[in-house]
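Data from work.txt: compact mmCIF, C-alpha atoms (C1' of nucleotides)
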```txt
# COMPACT_ATOMS: atom_id res chain seq x y z
CA MET A 17 -0.61 -32.62 -12.65
CA ARG A 18 0.95 -34.18 -9.60
CA ALA A 19 -1.22 -34.98 -6.61
CA ASP A 20 0.64 -32.73 -4.17
CA ALA A 21 0.49 -29.88 -6.64
CA GLN A 22 -3.25 -30.23 -6.86
CA ARG A 23 -3.58 -30.34 -3.10
CA ASN A 24 -1.41 -27.28 -2.70
CA ARG A 25 -3.34 -25.36 -5.28
CA ALA A 26 -6.50 -25.95 -3.28
CA ARG A 27 -4.77 -24.92 -0.08
CA VAL A 28 -3.49 -21.74 -1.64
CA LEU A 29 -6.91 -20.78 -2.95
CA GLU A 30 -8.46 -21.44 0.43
CA ALA A 31 -5.85 -19.42 2.27
CA ALA A 32 -5.99 -16.63 -0.28
CA GLU A 33 -9.76 -16.40 0.12
CA VAL A 34 -9.33 -15.88 3.86
CA VAL A 35 -6.40 -13.49 3.76
CA LEU A 36 -7.73 -11.46 0.87
CA ALA A 37 -11.12 -11.18 2.52
CA ARG A 38 -9.41 -9.74 5.57
CA ASP A 39 -6.68 -7.58 4.08
CA GLY A 40 -7.90 -6.86 0.58
CA LEU A 41 -5.56 -6.08 -2.25
CA SER A 42 -2.80 -5.09 0.13
CA ALA A 43 -2.49 -8.61 1.47
CA SER A 44 0.98 -10.03 0.98
CA MET A 45 1.93 -13.22 -0.80
CA ARG A 46 3.93 -14.23 2.25
CA ALA A 47 0.86 -14.04 4.45
CA ILE A 48 -1.09 -16.25 2.08
CA ALA A 49 1.77 -18.71 1.78
CA GLU A 50 2.11 -18.91 5.54
CA LEU A 51 -1.58 -19.60 6.13
CA ALA A 52 -1.58 -22.16 3.35
CA GLY A 53 1.46 -23.80 4.86
CA VAL A 54 3.50 -23.58 1.67
CA GLY A 55 6.38 -21.53 0.37
CA VAL A 56 5.85 -18.47 -1.79
CA GLY A 57 7.41 -20.29 -4.71
CA THR A 58 4.59 -22.78 -4.62
CA ILE A 59 2.05 -20.06 -5.14
CA TYR A 60 3.94 -18.70 -8.09
CA ARG A 61 4.00 -22.15 -9.66
CA GLN A 62 0.19 -22.02 -9.91
CA PHE A 63 -0.43 -18.33 -10.36
CA PRO A 64 2.06 -16.37 -12.43
CA THR A 65 1.41 -13.17 -10.53
CA LYS A 66 -0.35 -11.76 -7.53
CA GLU A 67 -3.02 -10.28 -9.73
CA ALA A 68 -3.70 -13.66 -11.31
CA LEU A 69 -4.38 -15.13 -7.89
CA TYR A 70 -6.73 -12.28 -7.07
CA GLN A 71 -8.58 -12.70 -10.32
CA ALA A 72 -9.05 -16.41 -9.75
CA ILE A 73 -10.86 -15.64 -6.52
CA VAL A 74 -12.77 -12.57 -7.56
CA ILE A 75 -13.95 -14.01 -10.84
CA ASP A 76 -15.27 -17.08 -9.08
CA ARG A 77 -17.23 -14.88 -6.73
CA VAL A 78 -18.63 -12.68 -9.46
CA LEU A 79 -19.60 -15.79 -11.36
CA ARG A 80 -21.73 -16.97 -8.48
CA LEU A 81 -23.35 -13.56 -8.23
CA ALA A 82 -24.14 -13.52 -11.92
CA GLU A 83 -25.79 -16.92 -11.56
CA ARG A 84 -27.92 -15.64 -8.75
CA ALA A 85 -28.90 -12.63 -10.84
CA GLU A 86 -30.04 -14.91 -13.62
CA GLN A 87 -32.24 -16.86 -11.26
CA LEU A 88 -33.79 -13.68 -9.94
CA ALA A 89 -34.48 -12.44 -13.46
CA THR A 90 -37.54 -14.67 -13.57
CA ALA A 91 -38.66 -14.16 -9.99
CA PRO A 92 -42.35 -13.40 -9.48
CA ASP A 93 -41.76 -10.00 -7.83
CA PRO A 94 -39.29 -8.00 -9.94
CA GLY A 95 -38.93 -5.23 -7.37
CA GLU A 96 -38.13 -7.59 -4.58
CA ALA A 97 -35.76 -9.45 -6.89
CA LEU A 98 -33.69 -6.38 -7.58
CA PHE A 99 -33.55 -5.41 -3.95
CA GLU A 100 -32.66 -8.89 -2.83
CA PHE A 101 -29.83 -9.00 -5.30
CA PHE A 102 -28.63 -5.59 -4.18
CA ASP A 103 -28.64 -6.78 -0.59
CA ARG A 104 -26.85 -9.97 -1.53
CA ILE A 105 -23.96 -8.12 -3.11
CA VAL A 106 -23.62 -5.86 -0.10
CA VAL A 107 -23.55 -8.86 2.24
CA ASP A 108 -20.78 -10.33 0.14
CA ALA A 109 -18.91 -7.05 0.23
CA THR A 110 -19.08 -6.83 3.99
CA ALA A 111 -17.07 -9.98 4.44
CA LYS A 112 -14.82 -9.85 1.41
CA LYS A 113 -12.41 -6.99 1.17
CA VAL A 114 -10.85 -8.02 -2.14
CA PHE A 115 -14.22 -8.16 -3.65
CA VAL A 116 -14.85 -4.53 -2.84
CA ASP A 117 -11.41 -3.50 -3.97
CA ALA A 118 -12.04 -5.29 -7.21
CA LEU A 119 -15.46 -3.71 -7.73
CA ALA A 120 -13.95 -0.35 -6.98
CA GLY A 121 -11.41 -1.00 -9.68
CA ALA A 122 -8.59 -0.31 -7.28
CA GLY A 123 -6.07 -2.45 -9.05
CA ILE A 124 -7.46 -5.58 -10.58
CA ASP A 125 -8.00 -5.64 -14.29
CA ALA A 126 -11.57 -6.76 -14.03
CA LYS A 127 -12.16 -7.07 -17.74
CA ALA A 128 -10.36 -10.33 -18.40
CA GLY A 129 -12.69 -13.27 -17.94
CA MET A 130 -15.17 -11.37 -15.84
CA PRO A 131 -18.75 -12.43 -16.47
CA ASP A 132 -21.27 -9.82 -17.49
CA LEU A 133 -22.57 -8.86 -14.09
CA LYS A 134 -23.61 -5.44 -15.29
CA GLY A 135 -25.87 -6.87 -17.94
CA ALA A 136 -27.51 -9.13 -15.39
CA ILE A 137 -28.16 -6.19 -13.10
CA GLU A 138 -29.63 -4.17 -15.92
CA THR A 139 -32.14 -6.92 -16.61
CA LEU A 140 -33.24 -6.83 -12.99
CA LEU A 141 -33.52 -3.05 -13.05
CA VAL A 142 -35.57 -2.86 -16.22
CA ARG A 143 -37.95 -5.53 -15.01
CA ALA A 144 -38.37 -3.80 -11.69
CA GLN A 145 -39.13 -0.53 -13.45
CA GLN A 146 -41.63 -2.15 -15.78
CA ALA A 147 -43.38 -3.54 -12.73
CA GLY A 148 -43.50 -0.06 -11.25
CA ALA A 149 -41.40 -1.04 -8.27
CA VAL A 150 -38.58 1.32 -9.17
CA ARG A 151 -38.97 4.87 -10.42
CA PRO A 152 -38.37 5.16 -14.15
CA ASP A 153 -35.89 8.02 -13.97
CA VAL A 154 -33.21 5.89 -12.36
CA GLY A 155 -30.57 4.62 -14.74
CA MET A 156 -27.89 1.97 -14.50
CA THR A 157 -25.34 4.64 -13.67
CA GLU A 158 -27.13 5.70 -10.52
CA LEU A 159 -27.93 2.15 -9.54
CA ILE A 160 -24.33 1.08 -9.90
CA ALA A 161 -23.25 4.17 -8.02
CA LEU A 162 -25.55 3.32 -5.13
CA LEU A 163 -24.52 -0.30 -5.16
CA SER A 164 -20.86 0.56 -5.20
CA ALA A 165 -21.39 3.07 -2.42
CA ALA A 166 -23.16 0.56 -0.22
CA CYS A 167 -20.49 -2.07 -0.79
CA LEU A 168 -17.66 0.28 -0.02
CA ALA A 169 -19.23 1.59 3.15
CA ALA A 170 -20.40 -1.81 4.33
CA GLN A 171 -16.88 -3.05 4.06
CA HIS A 172 -15.06 -0.02 5.42
CA ASN A 173 -17.33 0.47 8.37
CA ASN A 174 -18.08 -3.17 8.98
CA TRP A 175 -21.85 -2.98 8.76
CA ASP A 176 -23.70 -5.54 10.83
CA ASP A 177 -26.96 -7.10 9.70
CA ASP A 178 -29.06 -4.53 11.48
CA LEU A 179 -27.29 -1.50 10.12
CA ARG A 180 -27.24 -2.93 6.63
CA THR A 181 -30.95 -3.59 6.70
CA ARG A 182 -31.84 -0.16 8.00
CA THR A 183 -29.52 1.68 5.66
CA LEU A 184 -30.56 -0.23 2.58
CA THR A 185 -34.17 0.37 3.51
CA VAL A 186 -33.56 4.06 3.03
CA VAL A 187 -31.85 3.45 -0.29
CA PHE A 188 -34.59 1.14 -1.52
CA ASP A 189 -37.25 3.61 -0.53
CA GLY A 190 -35.40 6.19 -2.54
CA LEU A 191 -35.25 3.86 -5.51
CA SER A 192 -38.95 3.08 -5.27
CA GLY A 193 -39.57 6.78 -5.55
CA GLY A 194 -40.78 9.27 -2.99
CA LYS A 195 -43.54 9.86 -5.48
CA PRO A 196 -45.75 6.91 -6.36
CA PRO A 197 -45.12 5.44 -9.85
CA LEU A 198 -47.12 7.53 -12.31
CA SER A 199 -47.74 5.28 -15.25
CA PRO A 200 -46.22 1.99 -16.44
CA THR A 201 -44.39 3.87 -19.20
CA THR A 202 -40.89 2.46 -19.56
CA GLY A 203 -38.38 5.21 -18.89
CA ALA A 204 -35.30 5.49 -21.13
CA MET B 22 11.46 30.69 12.72
CA ARG B 23 13.68 31.49 9.78
CA ALA B 24 12.15 32.94 6.62
CA ASP B 25 13.11 30.05 4.37
CA ALA B 26 11.74 27.56 6.84
CA GLN B 27 8.43 29.34 6.82
CA ARG B 28 8.36 29.45 3.06
CA ASN B 29 9.16 25.78 2.83
CA ARG B 30 6.50 24.83 5.31
CA ALA B 31 3.91 26.53 3.13
CA ARG B 32 5.25 24.81 0.05
CA VAL B 33 5.10 21.43 1.73
CA LEU B 34 1.52 21.92 2.84
CA GLU B 35 0.52 23.03 -0.63
CA ALA B 36 2.21 20.09 -2.30
CA ALA B 37 0.86 17.65 0.26
CA GLU B 38 -2.67 18.89 -0.36
CA VAL B 39 -2.31 18.14 -4.05
CA VAL B 40 -0.56 14.81 -3.78
CA LEU B 41 -2.72 13.53 -0.95
CA ALA B 42 -5.86 14.53 -2.79
CA ARG B 43 -4.71 12.47 -5.73
CA ASP B 44 -3.10 9.46 -4.09
CA GLY B 45 -4.69 9.36 -0.65
CA LEU B 46 -2.97 7.82 2.30
CA SER B 47 -0.72 5.77 0.08
CA ALA B 48 1.02 8.85 -1.24
CA SER B 49 4.74 8.82 -0.55
CA MET B 50 6.77 11.44 1.23
CA ARG B 51 9.16 11.52 -1.71
CA ALA B 52 6.35 12.45 -4.07
CA ILE B 53 5.33 15.32 -1.83
CA ALA B 54 8.91 16.47 -1.39
CA GLU B 55 9.49 16.42 -5.12
CA LEU B 56 6.40 18.46 -5.93
CA ALA B 57 7.26 20.91 -3.17
CA GLY B 58 10.78 21.20 -4.54
CA VAL B 59 12.41 20.31 -1.24
CA GLY B 60 14.20 17.33 0.23
CA VAL B 61 12.41 14.78 2.37
CA GLY B 62 14.41 15.92 5.37
CA THR B 63 12.82 19.32 5.10
CA ILE B 64 9.36 17.83 5.50
CA TYR B 65 10.42 15.92 8.58
CA ARG B 66 11.75 19.12 10.10
CA GLN B 67 8.20 20.49 10.14
CA PHE B 68 6.14 17.35 10.61
CA PRO B 69 7.57 14.64 12.84
CA THR B 70 5.82 11.88 10.93
CA LYS B 71 3.79 11.16 7.84
CA GLU B 72 0.64 10.91 9.88
CA ALA B 73 1.25 14.32 11.41
CA LEU B 74 1.36 15.84 7.95
CA TYR B 75 -1.85 14.10 7.01
CA GLN B 76 -3.56 15.28 10.15
CA ALA B 77 -2.53 18.86 9.54
CA ILE B 78 -4.36 18.76 6.24
CA VAL B 79 -7.36 16.66 7.18
CA ILE B 80 -8.09 18.48 10.40
CA ASP B 81 -8.06 21.79 8.59
CA ARG B 82 -10.59 20.44 6.13
CA VAL B 83 -12.87 18.97 8.78
CA LEU B 84 -12.70 22.24 10.65
CA ARG B 85 -14.07 24.10 7.68
CA LEU B 86 -16.84 21.54 7.31
CA ALA B 87 -17.78 21.85 10.96
CA GLU B 88 -18.00 25.61 10.54
CA ARG B 89 -20.30 25.21 7.60
CA ALA B 90 -22.47 22.81 9.60
CA GLU B 91 -22.82 25.39 12.34
CA GLN B 92 -23.97 28.01 9.88
CA LEU B 93 -26.55 25.65 8.44
CA ALA B 94 -27.86 24.80 11.89
CA THR B 95 -29.83 28.02 11.85
CA ALA B 96 -30.86 27.96 8.20
CA PRO B 97 -34.54 28.65 7.45
CA ASP B 98 -35.17 25.26 5.80
CA PRO B 99 -33.78 22.49 8.02
CA GLY B 100 -34.36 19.75 5.45
CA GLU B 101 -32.55 21.60 2.74
CA ALA B 102 -29.80 22.45 5.20
CA LEU B 103 -29.10 18.82 5.98
CA PHE B 104 -29.13 17.82 2.35
CA GLU B 105 -26.90 20.70 1.33
CA PHE B 106 -24.38 19.74 3.96
CA PHE B 107 -24.54 16.13 2.89
CA ASP B 108 -23.88 17.19 -0.68
CA ARG B 109 -21.08 19.47 0.40
CA ILE B 110 -19.20 16.67 2.11
CA VAL B 111 -19.57 14.42 -0.90
CA VAL B 112 -18.23 17.14 -3.17
CA ASP B 113 -15.23 17.47 -0.91
CA ALA B 114 -14.75 13.73 -0.93
CA THR B 115 -14.77 13.54 -4.70
CA ALA B 116 -11.71 15.71 -5.00
CA LYS B 117 -9.83 14.74 -1.88
CA LYS B 118 -8.74 11.18 -1.52
CA VAL B 119 -7.09 11.60 1.87
CA PHE B 120 -10.21 13.06 3.21
CA VAL B 121 -12.16 9.95 2.36
CA ASP B 122 -9.45 7.69 3.67
CA ALA B 123 -9.50 9.66 6.89
CA LEU B 124 -13.28 9.56 7.21
CA ALA B 125 -13.18 5.86 6.53
CA GLY B 126 -10.73 5.51 9.37
CA ALA B 127 -8.23 3.81 7.12
CA GLY B 128 -5.20 4.84 9.08
CA ILE B 129 -5.35 8.31 10.52
CA ASP B 130 -6.02 8.66 14.18
CA ALA B 131 -8.92 10.99 13.77
CA LYS B 132 -9.49 11.59 17.44
CA ALA B 133 -6.59 13.90 18.14
CA GLY B 134 -7.62 17.48 17.56
CA MET B 135 -10.52 16.60 15.33
CA PRO B 136 -13.51 18.89 15.77
CA ASP B 137 -16.89 17.41 16.64
CA LEU B 138 -18.26 16.95 13.16
CA LYS B 139 -20.60 14.22 14.26
CA GLY B 140 -22.32 16.42 16.80
CA ALA B 141 -22.81 19.11 14.19
CA ILE B 142 -24.40 16.62 11.83
CA GLU B 143 -26.69 15.34 14.53
CA THR B 144 -28.00 18.83 15.10
CA LEU B 145 -28.84 19.14 11.43
CA LEU B 146 -30.55 15.76 11.43
CA VAL B 147 -32.71 16.40 14.46
CA ARG B 148 -33.78 19.75 13.14
CA ALA B 149 -34.67 18.27 9.77
CA GLN B 150 -36.72 15.57 11.44
CA GLN B 151 -38.53 18.03 13.65
CA ALA B 152 -39.43 19.96 10.51
CA GLY B 153 -40.79 16.78 8.98
CA ALA B 154 -38.28 16.84 6.14
CA VAL B 155 -36.64 13.59 7.20
CA ARG B 156 -38.46 10.48 8.38
CA PRO B 157 -38.23 10.02 12.12
CA ASP B 158 -37.02 6.43 12.04
CA VAL B 159 -33.63 7.37 10.62
CA GLY B 160 -30.86 7.58 13.19
CA MET B 161 -27.36 8.98 13.14
CA THR B 162 -25.98 5.53 12.44
CA GLU B 163 -27.84 5.19 9.16
CA LEU B 164 -27.18 8.78 8.18
CA ILE B 165 -23.45 8.41 8.77
CA ALA B 166 -23.53 5.11 6.92
CA LEU B 167 -25.15 6.74 3.92
CA LEU B 168 -22.82 9.69 4.05
CA SER B 169 -19.78 7.50 4.31
CA ALA B 170 -21.06 5.36 1.47
CA ALA B 171 -21.60 8.32 -0.80
CA CYS B 172 -18.18 9.74 -0.03
CA LEU B 173 -16.40 6.48 -0.66
CA ALA B 174 -18.17 5.84 -3.93
CA ALA B 175 -17.89 9.40 -5.15
CA GLN B 176 -14.19 9.22 -4.65
CA HIS B 177 -13.56 5.71 -5.92
CA ASN B 178 -15.67 6.07 -9.02
CA ASN B 179 -14.93 9.72 -9.63
CA TRP B 180 -18.50 10.98 -9.64
CA ASP B 181 -19.11 14.02 -11.78
CA ASP B 182 -21.59 16.74 -10.85
CA ASP B 183 -24.39 15.14 -12.79
CA LEU B 184 -24.01 11.67 -11.36
CA ARG B 185 -23.62 13.02 -7.86
CA THR B 186 -26.79 15.04 -8.14
CA ARG B 187 -28.85 12.19 -9.53
CA THR B 188 -27.55 9.63 -7.08
CA LEU B 189 -27.96 11.83 -4.04
CA THR B 190 -31.47 12.66 -5.20
CA VAL B 191 -32.35 9.01 -4.72
CA VAL B 192 -30.72 8.96 -1.30
CA PHE B 193 -32.44 12.15 -0.21
CA ASP B 194 -35.79 10.87 -1.40
CA GLY B 195 -35.20 7.79 0.71
CA LEU B 196 -34.33 9.93 3.69
CA SER B 197 -37.44 12.06 3.24
CA GLY B 198 -39.44 8.88 3.41
CA GLY B 199 -41.33 7.04 0.73
CA LYS B 200 -44.25 7.47 3.03
CA PRO B 201 -45.23 11.03 3.97
CA PRO B 202 -44.28 12.03 7.53
CA LEU B 203 -47.10 10.84 9.79
CA SER B 204 -47.00 13.10 12.79
CA PRO B 205 -44.45 15.59 14.10
CA THR B 206 -43.57 13.16 16.88
CA THR B 207 -39.81 13.04 17.31
CA GLY B 208 -38.65 9.47 16.78
CA ALA B 209 -36.05 7.99 19.15
C1' DG C 25 12.61 -50.20 -6.09
C1' DA C 26 15.05 -47.33 -9.27
C1' DA C 27 15.03 -43.33 -12.14
C1' DC C 28 13.30 -39.15 -13.58
C1' DA C 29 10.47 -35.28 -14.12
C1' DT C 30 7.91 -32.39 -11.30
C1' DA C 31 7.09 -29.54 -7.45
C1' DC C 32 8.62 -27.62 -3.08
C1' DG C 33 10.63 -24.24 0.22
C1' DG C 34 12.62 -20.25 1.25
C1' DA C 35 16.83 -17.52 0.60
C1' DA C 36 18.00 -13.86 -2.51
C1' DC C 37 17.02 -9.81 -5.56
C1' DA C 38 15.10 -5.51 -6.96
C1' DT C 39 12.15 -2.04 -5.61
C1' DC C 40 9.38 0.43 -2.77
C1' DT C 41 8.22 2.57 1.74
C1' DG C 42 8.91 5.88 6.10
C1' DT C 43 12.52 7.80 8.62
C1' DT C 44 17.27 9.33 10.21
C1' DC C 45 21.51 11.66 9.78
C1' DC C 46 25.05 14.69 8.58
C1' DG C 47 28.07 17.68 5.57
C1' DG C 48 27.24 21.75 3.42
C1' DT C 49 24.41 26.00 2.74
C1' DT C 50 21.91 30.05 4.06
C1' DG C 51 19.44 33.34 6.79
C1' DT C 52 20.11 36.43 10.77
C1' DC C 53 22.05 39.57 13.91
C1' DA C 54 25.83 42.19 15.85
C1' DT D 30 31.10 41.62 7.04
C1' DG D 31 31.81 37.98 10.02
C1' DA D 32 30.21 34.36 12.92
C1' DC D 33 26.95 31.19 14.32
C1' DA D 34 22.84 28.79 14.67
C1' DA D 35 19.17 27.18 11.94
C1' DC D 36 18.06 24.81 7.98
C1' DC D 37 18.55 22.27 3.70
C1' DG D 38 19.15 18.26 0.49
C1' DG D 39 19.47 13.76 -0.38
C1' DA D 40 22.26 9.67 0.54
C1' DA D 41 21.75 5.92 3.71
C1' DC D 42 19.10 2.72 6.79
C1' DA D 43 15.58 -0.57 8.13
C1' DG D 44 11.68 -2.84 6.85
C1' DA D 45 8.26 -4.27 3.63
C1' DT D 46 6.75 -5.89 -0.87
C1' DG D 47 6.38 -8.88 -5.44
C1' DT D 48 9.04 -12.03 -7.88
C1' DT D 49 12.91 -15.27 -9.28
C1' DC D 50 15.88 -19.10 -8.70
C1' DC D 51 17.86 -23.35 -7.47
C1' DG D 52 19.25 -27.25 -4.37
C1' DT D 53 16.42 -30.59 -2.38
C1' DA D 54 12.43 -33.54 -1.68
C1' DT D 55 8.59 -36.07 -3.55
C1' DG D 56 5.14 -38.14 -6.55
C1' DT D 57 4.93 -41.09 -10.59
C1' DT D 58 6.17 -44.66 -13.86
C1' DC D 59 8.23 -48.75 -15.35
```

How does this structure look as structure tokens?
Amino acid sequence: MRADAQRNRARVLEAAEVVLARDGLSASMRAIAELAGVGVGTIYRQFPTKEALYQAIVIDRVLRLAERAEQLATAPDPGEALFEFFDRIVVDATAKKVFVDALAGAGIDAKAGMPDLKGAIETLLVRAQQAGAVRPDVGMTELIALLSAACLAAQHNNWDDDLRTRTLTVVFDGLSGGKPPLSPTTGA
Amino acid sequence: MRADAQRNRARVLEAAEVVLARDGLSASMRAIAELAGVGVGTIYRQFPTKEALYQAIVIDRVLRLAERAEQLATAPDPGEALFEFFDRIVVDATAKKVFVDALAGAGIDAKAGMPDLKGAIETLLVRAQQAGAVRPDVGMTELIALLSAACLAAQHNNWDDDLRTRTLTVVFDGLSGGKPPLSPTTGA
DNA sequence: GAACATACGGAACATCTGTTCCGGTTGTCA
DNA sequence: TGACAACCGGAACAGATGTTCCGTATGTTC
């Protein structure tokens, strides 16, 4: 691979990260090319299609999240671990529009090459429930629903740190259970 | 107004409701015209612009919601009233994509002619807090954030009745307060 | 430094969008 | 029924989009 090609690839990825964060899936290839200081043709030399470029960025991001989830899977406080991870994803979502679009399944085929983020989250959930920090009647479906909801809203309404904290506090309280944990029986 | 014009206007509104519910703001005028069985020109005779057509539909919907909020403002159980209204909006959001797009401020200028939905919600919130059904440290900002989040997710992920109920249960529990209400002091 | 493959830029193409326009149709009223 | 205004359909326009293509420039190799 030629040196200038390598340099341009990096530039494109950098520019795409910025533009896609701002405009989401509706960002145009021209806008990315302009910010990167290259022609559109140059982008297409590296990424066969718009979706491929998106995937390159989103997958990288999800990968980093999955890594973080793995670390937290052995954290001393399982409840705090789950909530911290939840918060982390929402923070990411606030700044990165593509990321939310991708999570929402608005257009990207997320299956190809996407790491198993869901599995990682499930580990955190189960551990938190076993520790009694999360009510046992909450399943992955609800958790994902809440997570998705928070990400979408954080992005759409541009949550600041304060609002995010206060809103997620309500959600986390709900997850902990209005009622105190009854017994350490693992719910289905 | 000529009879056929009147008939066509009704057809357009009906078709727009369907198409906009399905495709949201990105729906095309051609799609609406086709379903309505008219030409695009006919739509533009009644609605000067795409946004005007959207507004006609969204405003009507918000109006009905605001009415419902007013009714609930005098309901016997203020806590239940707030939660029922919350649920009602989310149900609406699930089926109506435009509605969510509009709430999310994705493109429609919601100010013009839009009834004061926010004020109506605030009434419900304050009453619920005074009754001790909602923790006093929750403000309109968080409530709207949660509502917006639920609507966005319900729509994006196509929540069914069961998932909606279970997810909102968590949210409502969080709103009620993990901790029991301390004193009937009205929080700022 | 010459020669060649590789990569670049951006014009061009096909397709989509909202919107305008006008020849032909149709409802209305005398 | 006749005459006229109101209305209709959909082709046409202007602008955007993703993608392709090719003459030109540039990195690499000997």

| field | Proximity to Val61 of chain B - best of C:DG51, C:DG34, C:DG42, C:DG25, only C-alpha atoms (C1' of nucleotides) | value |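 Closest candidate: C:DG42.
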
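From atom C1' of DG47 of chain D back to atom C1' of DA38 of chain C, the distance works out to 9.5 Å.
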
| task | With a cut-off of 9 Å and counting all atoms listed in the file, select all residues of chain A in contact with chain C and give the selection as a PyMOL selection string. | result | chain A and resi 17-18+20-21+54-58+61

Report the closest atom pair, with its distance in Å rounded to one decimal, for each residue of chain A that has an atom no farther than 10 Å from chain B; count all atoms listed in the file, sort by chain and then rising residue number, and write it as a Markdown table.
```
| residue | atom | partner | partner_atom | distance |
| --- | --- | --- | --- | --- |
| A:Asp117 | CA | B:His177 | CA | 9.7 |
| A:Leu119 | CA | B:His177 | CA | 9.8 |
| A:Ala120 | CA | B:His177 | CA | 6.2 |
| A:Gly121 | CA | B:His177 | CA | 8.0 |
| A:Ala122 | CA | B:His177 | CA | 7.9 |
| A:Arg151 | CA | B:Val191 | CA | 9.7 |
| A:Asp153 | CA | B:Arg187 | CA | 9.3 |
| A:Val154 | CA | B:Arg187 | CA | 8.2 |
| A:Gly155 | CA | B:Arg187 | CA | 9.3 |
| A:Thr157 | CA | B:Leu184 | CA | 7.5 |
| A:Glu158 | CA | B:Thr188 | CA | 5.2 |
| A:Leu159 | CA | B:Thr188 | CA | 7.9 |
| A:Ile160 | CA | B:Thr188 | CA | 9.6 |
| A:Ala161 | CA | B:Ala174 | CA | 6.7 |
| A:Leu162 | CA | B:Thr188 | CA | 6.9 |
| A:Leu163 | CA | B:Ala174 | CA | 8.9 |
| A:Ser164 | CA | B:Ala174 | CA | 6.1 |
| A:Ala165 | CA | B:Ala174 | CA | 4.5 |
| A:Ala166 | CA | B:Ala170 | CA | 5.5 |
| A:Cys167 | CA | B:Ala170 | CA | 7.8 |
| A:Leu168 | CA | B:Ala170 | CA | 6.3 |
| A:Ala169 | CA | B:Ala170 | CA | 4.5 |
| A:Ala170 | CA | B:Ala170 | CA | 7.7 |
| A:Gln171 | CA | B:Ala170 | CA | 9.7 |
| A:His172 | CA | B:Ala125 | CA | 6.3 |
| A:Asn173 | CA | B:Ala125 | CA | 7.0 |
| A:Trp175 | CA | B:Ala166 | CA | 8.5 |
| A:Leu179 | CA | B:Glu163 | CA | 6.8 |
| A:Arg180 | CA | B:Glu163 | CA | 8.5 |
| A:Thr181 | CA | B:Glu163 | CA | 9.6 |
| A:Arg182 | CA | B:Glu163 | CA | 6.8 |
| A:Thr183 | CA | B:Glu163 | CA | 5.2 |
| A:Leu184 | CA | B:Leu167 | CA | 8.9 |
| A:Thr185 | CA | B:Gly195 | CA | 8.0 |
| A:Val186 | CA | B:Gly195 | CA | 4.7 |
| A:Val187 | CA | B:Gly195 | CA | 5.6 |
| A:Phe188 | CA | B:Gly195 | CA | 7.0 |
| A:Asp189 | CA | B:Gly195 | CA | 4.8 |
| A:Gly190 | CA | B:Gly195 | CA | 3.6 |
| A:Leu191 | CA | B:Val191 | CA | 6.0 |
| A:Ser192 | CA | B:Gly199 | CA | 7.6 |
| A:Gly193 | CA | B:Gly199 | CA | 6.5 |
| A:Gly194 | CA | B:Gly199 | CA | 4.4 |
| A:Lys195 | CA | B:Gly199 | CA | 7.2 |
| A:Pro196 | CA | B:Gly199 | CA | 8.4 |
```

| Could you list, as a list of chain:residue names, every residue of chain D that has an atom within 9 Å of an atom of chain A, counting only C-alpha atoms (C1' of nucleotides)? |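 Residues passing the distance filter: D:DT46, D:DG47, D:DT48, D:DT49, D:DT55, D:DG56, D:DT57.
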
| task | Give as a ChimeraX atom specification the set of residues within 12 Å of the point (-19.4, 20.5, 16.7), where distances use the file's coordinates and all atoms listed in the file. | result | /B:83-92,94,135-145

| field | Interatomic distance (Å, one decimal) between atom CA of Arg77 of chain A and atom CA of Ala91 of chain A | value |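 Atom CA of Arg77 of chain A sits 21.7 Å away from atom CA of Ala91 of chain A.
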
Could you rebuild segment 155-163 of chain A with N, CA and C atoms and give me the result as a PDB file, keeping the file's coordinate frame?
```pdb
ATOM      1  N   GLY A 155     -31.298   5.363 -13.729  1.00  0.00           N
ATOM      2  CA  GLY A 155     -30.570   4.620 -14.740  1.00  0.00           C
ATOM      3  C   GLY A 155     -29.565   3.668 -14.132  1.00  0.00           C
ATOM      4  N   MET A 156     -28.901   2.893 -14.978  1.00  0.00           N
ATOM      5  CA  MET A 156     -27.890   1.970 -14.500  1.00  0.00           C
ATOM      6  C   MET A 156     -26.764   2.710 -13.779  1.00  0.00           C
ATOM      7  N   THR A 157     -26.428   3.878 -14.278  1.00  0.00           N
ATOM      8  CA  THR A 157     -25.340   4.640 -13.670  1.00  0.00           C
ATOM      9  C   THR A 157     -25.604   4.918 -12.203  1.00  0.00           C
ATOM     10  N   GLU A 158     -26.802   5.399 -11.910  1.00  0.00           N
ATOM     11  CA  GLU A 158     -27.130   5.700 -10.520  1.00  0.00           C
ATOM     12  C   GLU A 158     -27.202   4.417  -9.686  1.00  0.00           C
ATOM     13  N   LEU A 159     -27.795   3.397 -10.283  1.00  0.00           N
ATOM     14  CA  LEU A 159     -27.930   2.150  -9.540  1.00  0.00           C
ATOM     15  C   LEU A 159     -26.561   1.579  -9.172  1.00  0.00           C
ATOM     16  N   ILE A 160     -25.686   1.569 -10.147  1.00  0.00           N
ATOM     17  CA  ILE A 160     -24.330   1.080  -9.900  1.00  0.00           C
ATOM     18  C   ILE A 160     -23.637   1.962  -8.860  1.00  0.00           C
ATOM     19  N   ALA A 161     -23.856   3.243  -8.966  1.00  0.00           N
ATOM     20  CA  ALA A 161     -23.250   4.170  -8.020  1.00  0.00           C
ATOM     21  C   ALA A 161     -23.710   3.855  -6.595  1.00  0.00           C
ATOM     22  N   LEU A 162     -25.000   3.624  -6.451  1.00  0.00           N
ATOM     23  CA  LEU A 162     -25.550   3.320  -5.130  1.00  0.00           C
ATOM     24  C   LEU A 162     -25.040   1.969  -4.629  1.00  0.00           C
ATOM     25  N   LEU A 163     -24.991   1.030  -5.525  1.00  0.00           N
ATOM     26  CA  LEU A 163     -24.520  -0.300  -5.160  1.00  0.00           C
ATOM     27  C   LEU A 163     -23.061  -0.250  -4.714  1.00  0.00           C
TER      28      LEU A 163
END
```
